[in-house]
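One file, entry35.cif, is given below (mmCIF, C-alpha atoms).
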data_upload
#
loop_
_atom_site.group_PDB
_atom_site.id
_atom_site.type_symbol
_atom_site.label_atom_id
_atom_site.label_comp_id
_atom_site.auth_asym_id
_atom_site.auth_seq_id
_atom_site.Cartn_x
_atom_site.Cartn_y
_atom_site.Cartn_z
ATOM 1 C CA MET H 8 0.000 0.000 0.000
ATOM 2 C CA MET H 9 2.809 2.388 0.885
ATOM 3 C CA ALA H 10 4.688 1.670 -2.378
ATOM 4 C CA ALA H 11 1.592 2.477 -4.417
ATOM 5 C CA THR H 12 1.221 5.786 -2.612
ATOM 6 C CA ILE H 13 4.839 6.713 -3.271
ATOM 7 C CA ASP H 14 4.606 5.771 -6.968
ATOM 8 C CA SER H 15 1.445 7.810 -7.525
ATOM 9 C CA SER H 16 2.893 10.855 -5.755
ATOM 10 C CA ASN H 17 5.997 10.652 -7.973
ATOM 11 C CA ALA H 18 3.789 10.530 -11.068
ATOM 12 C CA VAL H 19 1.856 13.600 -9.910
ATOM 13 C CA GLN H 20 5.117 15.399 -9.160
ATOM 14 C CA ALA H 21 6.477 14.606 -12.641
ATOM 15 C CA LYS H 22 3.332 16.033 -14.274
ATOM 16 C CA LYS H 23 3.488 19.215 -12.178
ATOM 17 C CA LYS H 24 7.164 19.616 -12.970
ATOM 18 C CA HIS H 25 6.604 20.465 -16.627
ATOM 19 C CA LEU H 26 3.212 22.068 -16.284
ATOM 20 C CA GLY H 27 1.867 23.280 -19.590
ATOM 21 C CA ILE H 28 4.038 21.068 -21.782
ATOM 22 C CA PRO H 29 2.072 18.030 -22.948
ATOM 23 C CA GLU H 30 4.034 14.801 -22.998
ATOM 24 C CA ALA H 31 4.518 13.155 -26.394
ATOM 25 C CA VAL H 32 3.493 9.520 -26.170
ATOM 26 C CA PHE H 33 5.734 7.103 -28.044
ATOM 27 C CA VAL H 34 3.826 5.169 -30.734
ATOM 28 C CA GLU H 35 4.883 1.600 -30.085
ATOM 29 C CA ASP H 36 2.240 -0.132 -32.189
ATOM 30 C CA VAL H 37 1.639 1.878 -35.364
ATOM 31 C CA ASP H 38 -1.203 -0.409 -36.523
ATOM 32 C CA SER H 39 -3.289 0.294 -33.420
ATOM 33 C CA PHE H 40 -2.304 3.983 -33.547
ATOM 34 C CA MET H 41 -3.623 4.239 -37.101
ATOM 35 C CA LYS H 42 -6.951 2.707 -36.011
ATOM 36 C CA GLN H 43 -7.554 5.574 -33.537
ATOM 37 C CA PRO H 44 -10.141 8.236 -34.462
ATOM 38 C CA GLY H 45 -8.633 11.006 -36.565
ATOM 39 C CA ASN H 46 -5.956 8.760 -38.025
ATOM 40 C CA GLU H 47 -7.927 7.536 -41.043
ATOM 41 C CA THR H 48 -4.965 8.109 -43.366
ATOM 42 C CA ALA H 49 -1.232 8.372 -42.842
ATOM 43 C CA ASP H 50 -1.395 11.976 -44.077
ATOM 44 C CA ALA H 51 -3.964 12.852 -41.400
ATOM 45 C CA ALA H 52 -1.850 11.211 -38.678
ATOM 46 C CA LEU H 53 1.295 12.932 -39.930
ATOM 47 C CA ARG H 54 -0.519 16.293 -39.991
ATOM 48 C CA LYS H 55 -1.552 15.800 -36.349
ATOM 49 C CA LEU H 56 1.984 14.857 -35.358
ATOM 50 C CA ASP H 57 3.411 17.816 -37.292
ATOM 51 C CA GLU H 58 0.944 20.145 -35.580
ATOM 52 C CA GLN H 59 2.093 18.794 -32.215
ATOM 53 C CA TYR H 60 5.706 19.276 -33.302
ATOM 54 C CA GLN H 61 5.035 22.901 -34.289
ATOM 55 C CA LYS H 62 3.432 23.541 -30.889
ATOM 56 C CA TYR H 63 6.593 22.232 -29.236
ATOM 57 C CA LYS H 64 8.655 24.565 -31.444
ATOM 58 C CA TYR H 65 6.514 27.512 -30.357
ATOM 59 C CA MET H 66 6.928 26.544 -26.690
ATOM 60 C CA GLU H 67 10.675 26.258 -27.201
ATOM 61 C CA LEU H 68 10.790 29.759 -28.675
ATOM 62 C CA ASN H 69 8.912 31.198 -25.685
ATOM 63 C CA LEU H 70 11.044 29.345 -23.141
ATOM 64 C CA SER H 71 14.248 30.370 -24.929
ATOM 65 C CA GLN H 72 13.188 34.030 -24.813
ATOM 66 C CA LYS H 73 12.441 33.749 -21.083
ATOM 67 C CA LYS H 74 15.803 32.076 -20.558
ATOM 68 C CA LEU H 75 17.584 34.878 -22.418
ATOM 69 C CA ARG H 76 15.810 37.521 -20.312
ATOM 70 C CA LEU H 77 16.780 35.729 -17.092
ATOM 71 C CA LYS H 78 20.386 35.294 -18.240
ATOM 72 C CA ASN H 79 20.539 39.074 -18.776
ATOM 73 C CA GLN H 80 18.709 39.854 -15.547
ATOM 74 C CA ILE H 81 20.859 37.742 -13.208
ATOM 75 C CA PRO H 82 24.158 39.607 -13.858
ATOM 76 C CA GLN H 83 22.361 42.957 -13.498
ATOM 77 C CA ILE H 84 20.957 41.940 -10.111
ATOM 78 C CA SER H 85 24.365 40.609 -9.013
ATOM 79 C CA GLN H 86 26.066 43.848 -10.066
ATOM 80 C CA THR H 87 23.489 45.937 -8.209
ATOM 81 C CA LEU H 88 23.983 43.784 -5.088
ATOM 82 C CA GLU H 89 27.730 44.351 -5.331
ATOM 83 C CA ILE H 90 27.195 48.110 -5.497
ATOM 84 C CA LEU H 91 24.843 47.977 -2.495
ATOM 85 C CA ARG H 92 27.412 46.056 -0.452
ATOM 86 C CA HIS H 93 30.029 48.657 -1.342
ATOM 87 C CA MET H 94 27.651 51.488 -0.385
ATOM 88 C CA GLN H 95 26.898 49.747 2.902
ATOM 89 C CA LYS H 96 30.619 49.761 3.771
ATOM 90 C CA LYS H 97 30.906 53.449 2.801
ATOM 91 C CA LYS H 98 27.818 54.659 4.698
ATOM 92 C CA GLU H 99 29.778 54.699 7.982
ATOM 93 C CA THR H 100 32.359 57.128 6.575
ATOM 94 C CA THR H 101 31.893 60.850 6.002
ATOM 95 C CA GLU H 102 33.720 61.130 2.688
ATOM 96 C CA PRO H 103 31.755 60.924 -0.574
ATOM 97 C CA MET H 104 32.138 57.976 -2.929
ATOM 98 C CA GLU H 105 33.513 58.761 -6.399
ATOM 99 C CA THR H 106 31.944 56.660 -9.146
ATOM 100 C CA HIS H 107 30.996 56.495 -12.810
ATOM 101 C CA PHE H 108 27.466 55.621 -13.852
ATOM 102 C CA LEU H 109 26.011 54.647 -17.192
ATOM 103 C CA LEU H 110 24.250 57.574 -18.814
ATOM 104 C CA ALA H 111 23.578 55.909 -22.177
ATOM 105 C CA ASP H 112 25.131 53.043 -24.126
ATOM 106 C CA ASN H 113 28.908 53.435 -23.724
ATOM 107 C CA VAL H 114 28.499 56.910 -22.191
ATOM 108 C CA TYR H 115 29.471 57.241 -18.533
ATOM 109 C CA CYS H 116 29.280 60.196 -16.191
ATOM 110 C CA LYS H 117 31.430 60.869 -13.141
ATOM 111 C CA ALA H 118 29.533 61.351 -9.882
ATOM 112 C CA SER H 119 30.241 62.057 -6.259
ATOM 113 C CA VAL H 120 27.804 60.206 -3.988
ATOM 114 C CA PRO H 121 27.606 61.302 -0.339
ATOM 115 C CA PRO H 122 27.291 58.562 2.321
ATOM 116 C CA THR H 123 23.663 57.493 2.550
ATOM 117 C CA ASP H 124 21.480 54.769 3.961
ATOM 118 C CA LYS H 125 18.850 55.108 1.197
ATOM 119 C CA VAL H 126 18.872 53.894 -2.411
ATOM 120 C CA CYS H 127 16.378 53.960 -5.266
ATOM 121 C CA LEU H 128 15.667 50.804 -7.260
ATOM 122 C CA TRP H 129 13.988 50.519 -10.633
ATOM 123 C CA LEU H 130 11.180 48.007 -10.287
ATOM 124 C CA GLY H 131 10.190 48.110 -13.950
ATOM 125 C CA ALA H 132 7.309 49.714 -15.852
ATOM 126 C CA ASN H 133 8.860 53.153 -15.155
ATOM 127 C CA VAL H 134 8.527 52.652 -11.388
ATOM 128 C CA MET H 135 11.306 53.513 -8.959
ATOM 129 C CA LEU H 136 11.103 53.151 -5.172
ATOM 130 C CA GLU H 137 13.333 54.336 -2.372
ATOM 131 C CA TYR H 138 14.599 51.668 0.046
ATOM 132 C CA ASP H 139 16.917 51.450 3.011
ATOM 133 C CA ILE H 140 20.129 49.789 1.881
ATOM 134 C CA ASP H 141 19.402 46.719 4.034
ATOM 135 C CA ASP H 142 15.869 46.366 2.639
ATOM 136 C CA ALA H 143 17.116 46.849 -0.922
ATOM 137 C CA GLN H 144 19.794 44.210 -0.385
ATOM 138 C CA ALA H 145 17.232 41.733 1.004
ATOM 139 C CA LEU H 146 14.900 42.393 -1.938
ATOM 140 C CA LEU H 147 17.654 41.960 -4.517
ATOM 141 C CA GLU H 148 18.958 38.775 -2.864
ATOM 142 C CA LYS H 149 15.417 37.373 -2.963
ATOM 143 C CA ASN H 150 15.073 38.426 -6.634
ATOM 144 C CA LEU H 151 18.436 36.853 -7.489
ATOM 145 C CA SER H 152 17.442 33.607 -5.788
ATOM 146 C CA THR H 153 14.084 33.562 -7.597
ATOM 147 C CA ALA H 154 15.663 34.345 -10.968
ATOM 148 C CA SER H 155 18.281 31.599 -10.507
ATOM 149 C CA ARG H 156 15.583 29.095 -9.514
ATOM 150 C CA ASN H 157 13.444 30.107 -12.515
ATOM 151 C CA LEU H 158 16.435 29.730 -14.847
ATOM 152 C CA GLU H 159 17.067 26.237 -13.495
ATOM 153 C CA THR H 160 13.397 25.306 -14.022
ATOM 154 C CA LEU H 161 13.489 26.712 -17.558
ATOM 155 C CA GLU H 162 16.571 24.642 -18.358
ATOM 156 C CA GLU H 163 14.766 21.510 -17.122
ATOM 157 C CA ASP H 164 11.664 22.402 -19.153
ATOM 158 C CA LEU H 165 13.787 22.934 -22.273
ATOM 159 C CA ASP H 166 15.435 19.527 -21.746
ATOM 160 C CA PHE H 167 11.990 17.947 -21.340
ATOM 161 C CA LEU H 168 10.836 19.742 -24.487
ATOM 162 C CA ARG H 169 13.812 18.388 -26.458
ATOM 163 C CA ASP H 170 12.768 14.875 -25.409
ATOM 164 C CA GLN H 171 9.271 15.612 -26.715
ATOM 165 C CA PHE H 172 10.764 16.770 -30.043
ATOM 166 C CA THR H 173 12.660 13.524 -30.370
ATOM 167 C CA THR H 174 9.649 11.386 -29.492
ATOM 168 C CA THR H 175 7.428 13.250 -31.964
ATOM 169 C CA GLU H 176 10.039 12.997 -34.736
ATOM 170 C CA VAL H 177 10.395 9.255 -34.136
ATOM 171 C CA ASN H 178 6.602 8.867 -34.177
ATOM 172 C CA MET H 179 6.416 10.729 -37.495
ATOM 173 C CA ALA H 180 9.120 8.512 -38.974
ATOM 174 C CA ARG H 181 7.369 5.358 -37.736
ATOM 175 C CA VAL H 182 4.026 6.433 -39.246
ATOM 176 C CA TYR H 183 5.714 7.408 -42.519
ATOM 177 C CA ASN H 184 7.584 4.072 -42.717
ATOM 178 C CA TRP H 185 4.357 2.201 -41.883
ATOM 179 C CA ASP H 186 2.649 3.992 -44.769
ATOM 180 C CA VAL H 187 5.506 3.206 -47.178
ATOM 181 C CA LYS H 188 5.340 -0.488 -46.246
ATOM 182 C CA ARG H 189 1.550 -0.488 -46.597
ATOM 183 C CA ARG H 190 1.732 1.132 -50.050
ATOM 184 C CA SER H 191 4.436 -1.236 -51.294
ATOM 185 C CA LYS H 192 2.376 -4.184 -50.041
ATOM 186 C CA ASP H 193 -0.718 -2.793 -51.828
ATOM 187 C CA ASN H 194 1.300 -2.259 -55.039
ATOM 188 C CA LEU H 195 2.672 -5.794 -54.809
ATOM 189 C CA LEU H 196 -0.853 -7.182 -54.366
ATOM 190 C CA LYS H 197 -2.118 -5.145 -57.343
ATOM 191 C CA SER H 198 0.735 -6.364 -59.551
ATOM 192 C CA THR H 199 0.134 -10.006 -58.606
ATOM 193 C CA ASP H 200 -3.604 -9.588 -59.260
ATOM 194 C CA LYS H 201 -2.891 -8.268 -62.783
ATOM 195 C CA SER H 202 -0.631 -11.220 -63.634
#
As structure tokens, what does this structure read like?
Amino acid sequence: MMAATIDSSNAVQAKKKHLGIPEAVFVEDVDSFMKQPGNETADAALRKLDEQYQKYKYMELNLSQKKLRLKNQIPQISQTLEILRHMQKKKETTEPMETHFLLADNVYCKASVPPTDKVCLWLGANVMLEYDIDDAQALLEKNLSTASRNLETLEEDLDFLRDQFTTTEVNMARVYNWDVKRRSKDNLLKSTDKS
């Protein structure tokens, strides 16, 4: 009884893991697959499989774009955290911090920043909020952790998606080969009937 409970919970966990990505089922018996509704002809079955394949391609595109955004976001968060740590060390002193900040692409401006315990963070959508340095550091560490976790999940989803590509491609090849064999058998029967 306990083993059955563990096995079913693992199955549920595997389905939740790649939520939104349907699993491609390997076609082991092509004859029975072709007898299913909607698979009246090999062309119809191949169209369905190709449609599934195209959906996987679309999902891959979306996941790859998310991955790219996260890969750009993580270094920015890390760099901002580094700056906050440096500012935290300097806030105890009375002398201003000399720095350069990015004004535009490849254009930097020199600045003198007095010791402070407040910083402003861009939150996105043209929103900036003022935080205590400690609060800003906690927020950015949480964001970095979340972004890293999301990147790891995306990598796993992309690996799962690649497996689905392979399974779908193999299914398409099996259906195509089944159809070729069926046609050659039909042609052979027709030629023997004519003789």
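Residues having any atom no farther than 12 Å from (14.7, 52.1, -4.4) (counting all atoms listed in the file) are H:Thr87, H:Leu91, H:Asp124, H:Lys125, H:Val126, H:Cys127, H:Leu128, H:Trp129, H:Leu130, H:Gly131, H:Val134, H:Met135, H:Leu136, H:Glu137, H:Tyr138, H:Asp139, H:Ile140, H:Asp141, H:Asp142, H:Ala143, H:Gln144, H:Ala145, H:Leu146, H:Leu147.
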Please produce an output containing C-alpha atoms for each residue in the selection, written as a PDB file, keeping the file's coordinate frame.
ATOM      1  CA  THR H  87      23.489  45.937  -8.209  1.00  0.00           C
ATOM      2  CA  LEU H  91      24.843  47.977  -2.495  1.00  0.00           C
ATOM      3  CA  ASP H 124      21.480  54.769   3.961  1.00  0.00           C
ATOM      4  CA  LYS H 125      18.850  55.108   1.197  1.00  0.00           C
ATOM      5  CA  VAL H 126      18.872  53.894  -2.411  1.00  0.00           C
ATOM      6  CA  CYS H 127      16.378  53.960  -5.266  1.00  0.00           C
ATOM      7  CA  LEU H 128      15.667  50.804  -7.260  1.00  0.00           C
ATOM      8  CA  TRP H 129      13.988  50.519 -10.633  1.00  0.00           C
ATOM      9  CA  LEU H 130      11.180  48.007 -10.287  1.00  0.00           C
ATOM     10  CA  GLY H 131      10.190  48.110 -13.950  1.00  0.00           C
ATOM     11  CA  VAL H 134       8.527  52.652 -11.388  1.00  0.00           C
ATOM     12  CA  MET H 135      11.306  53.513  -8.959  1.00  0.00           C
ATOM     13  CA  LEU H 136      11.103  53.151  -5.172  1.00  0.00           C
ATOM     14  CA  GLU H 137      13.333  54.336  -2.372  1.00  0.00           C
ATOM     15  CA  TYR H 138      14.599  51.668   0.046  1.00  0.00           C
ATOM     16  CA  ASP H 139      16.917  51.450   3.011  1.00  0.00           C
ATOM     17  CA  ILE H 140      20.129  49.789   1.881  1.00  0.00           C
ATOM     18  CA  ASP H 141      19.402  46.719   4.034  1.00  0.00           C
ATOM     19  CA  ASP H 142      15.869  46.366   2.639  1.00  0.00           C
ATOM     20  CA  ALA H 143      17.116  46.849  -0.922  1.00  0.00           C
ATOM     21  CA  GLN H 144      19.794  44.210  -0.385  1.00  0.00           C
ATOM     22  CA  ALA H 145      17.232  41.733   1.004  1.00  0.00           C
ATOM     23  CA  LEU H 146      14.900  42.393  -1.938  1.00  0.00           C
ATOM     24  CA  LEU H 147      17.654  41.960  -4.517  1.00  0.00           C
TER      25      LEU H 147
END
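Every protein, DNA or RNA residue with an atom at most 8 Å from Glu67 in chain H, where all atoms listed in the file count and chain neighbours fewer than 3 positions away do not, is listed here: Tyr63, Lys64, Leu70, Ser71, Leu165 and Leu168 of chain H.
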May I have the selected residues written with C-alpha atoms, as a short mmCIF file (atom, residue, chain, number, x, y, z; two decimals), keeping the file's coordinate frame?
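Result saved to out-v9.cif:
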data_model
loop_
_atom_site.label_atom_id
_atom_site.label_comp_id
_atom_site.auth_asym_id
_atom_site.auth_seq_id
_atom_site.Cartn_x
_atom_site.Cartn_y
_atom_site.Cartn_z
CA TYR H 63 6.59 22.23 -29.24
CA LYS H 64 8.65 24.56 -31.44
CA LEU H 70 11.04 29.34 -23.14
CA SER H 71 14.25 30.37 -24.93
CA LEU H 165 13.79 22.93 -22.27
CA LEU H 168 10.84 19.74 -24.49
#
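Among the candidates H:Tyr60, H:Leu161, H:Glu47, H:Pro121, the one nearest to Arg76 in chain H when counting only C-alpha atoms is H:Leu161.
With all atoms listed in the file as the basis for measurement, H:Phe172 is the residue among H:Leu195, H:Phe108, H:Cys116, H:Phe172 that approaches Tyr65 in chain H most closely.
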Self-check item: Exercise: Thr123 in chain H partners within 9 Å, all atoms listed in the file, chain neighbours under 3 positions left out, as a VMD selection string
Solution: chain H and resid 94 to 95 97 to 99 120 126 140
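Considering all atoms listed in the file, the residue among H:Tyr115, H:Lys74, H:Phe40, H:Leu88 positioned nearest to Arg181 in chain H is H:Phe40.
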Which centre and edge lengths in Å to one decimal define the box along x, y and z that fits every listed atom of range 136-152 of chain H plus 5 Å per side, as JSON?
{"center_x": 15.6, "center_y": 44.0, "center_z": -1.7, "size_x": 19.0, "size_y": 30.7, "size_z": 21.5}
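Proximity to Asp164 in chain H was assessed for H:Glu89, H:Asp57, H:Glu30, H:Glu148 counting only C-alpha atoms; the smallest distance is recorded for H:Glu30.
Between CA of Lys62 in chain H and CA of Ala154 in chain H the separation is 25.8 Å.
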Which residues match the PyMOL selection byres ((chain H and resi 185) around 12) in the file above, as a compact mmCIF listing (two decimals) with C-alpha atoms, in the frame of the given file?
# COMPACT_ATOMS: atom_id res chain seq x y z
CA VAL H 34 3.83 5.17 -30.73
CA GLU H 35 4.88 1.60 -30.08
CA ASP H 36 2.24 -0.13 -32.19
CA VAL H 37 1.64 1.88 -35.36
CA ASP H 38 -1.20 -0.41 -36.52
CA SER H 39 -3.29 0.29 -33.42
CA PHE H 40 -2.30 3.98 -33.55
CA MET H 41 -3.62 4.24 -37.10
CA THR H 48 -4.96 8.11 -43.37
CA ALA H 49 -1.23 8.37 -42.84
CA ASP H 50 -1.40 11.98 -44.08
CA ALA H 52 -1.85 11.21 -38.68
CA LEU H 53 1.30 12.93 -39.93
CA ASN H 178 6.60 8.87 -34.18
CA MET H 179 6.42 10.73 -37.49
CA ALA H 180 9.12 8.51 -38.97
CA ARG H 181 7.37 5.36 -37.74
CA VAL H 182 4.03 6.43 -39.25
CA TYR H 183 5.71 7.41 -42.52
CA ASN H 184 7.58 4.07 -42.72
CA ASP H 186 2.65 3.99 -44.77
CA VAL H 187 5.51 3.21 -47.18
CA LYS H 188 5.34 -0.49 -46.25
CA ARG H 189 1.55 -0.49 -46.60
CA ARG H 190 1.73 1.13 -50.05
CA SER H 191 4.44 -1.24 -51.29
CA LYS H 192 2.38 -4.18 -50.04
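Our summary of the geometry notes that CA of Val32 in chain H is positioned 7.9 Å from CA of Thr175 in chain H.
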Quiz item: Once you count all atoms listed in the file, which residues end up no further than 12 Å from (16.7, 35.7, -8.7) in the file's frame, shown as a ChimeraX atom specification?
Solution: /H:76-85,88,145-159
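For the choices H:Asp200, H:Glu163, H:Glu58, H:Glu105, the atom-to-atom distance to Lys117 in chain H is smallest for H:Glu105 when using only C-alpha atoms.
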Practice problem: Mind giving me the straight-line distance from CA of Asp170 in chain H to CA of Leu56 in chain H in Å, one decimal? | Solution: 14.7 Å
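For the set H:Arg54, H:Thr199, H:Leu68, H:Ser119, the residue with the smallest atom-to-atom gap to Arg169 in chain H is H:Leu68, counting all atoms listed in the file.
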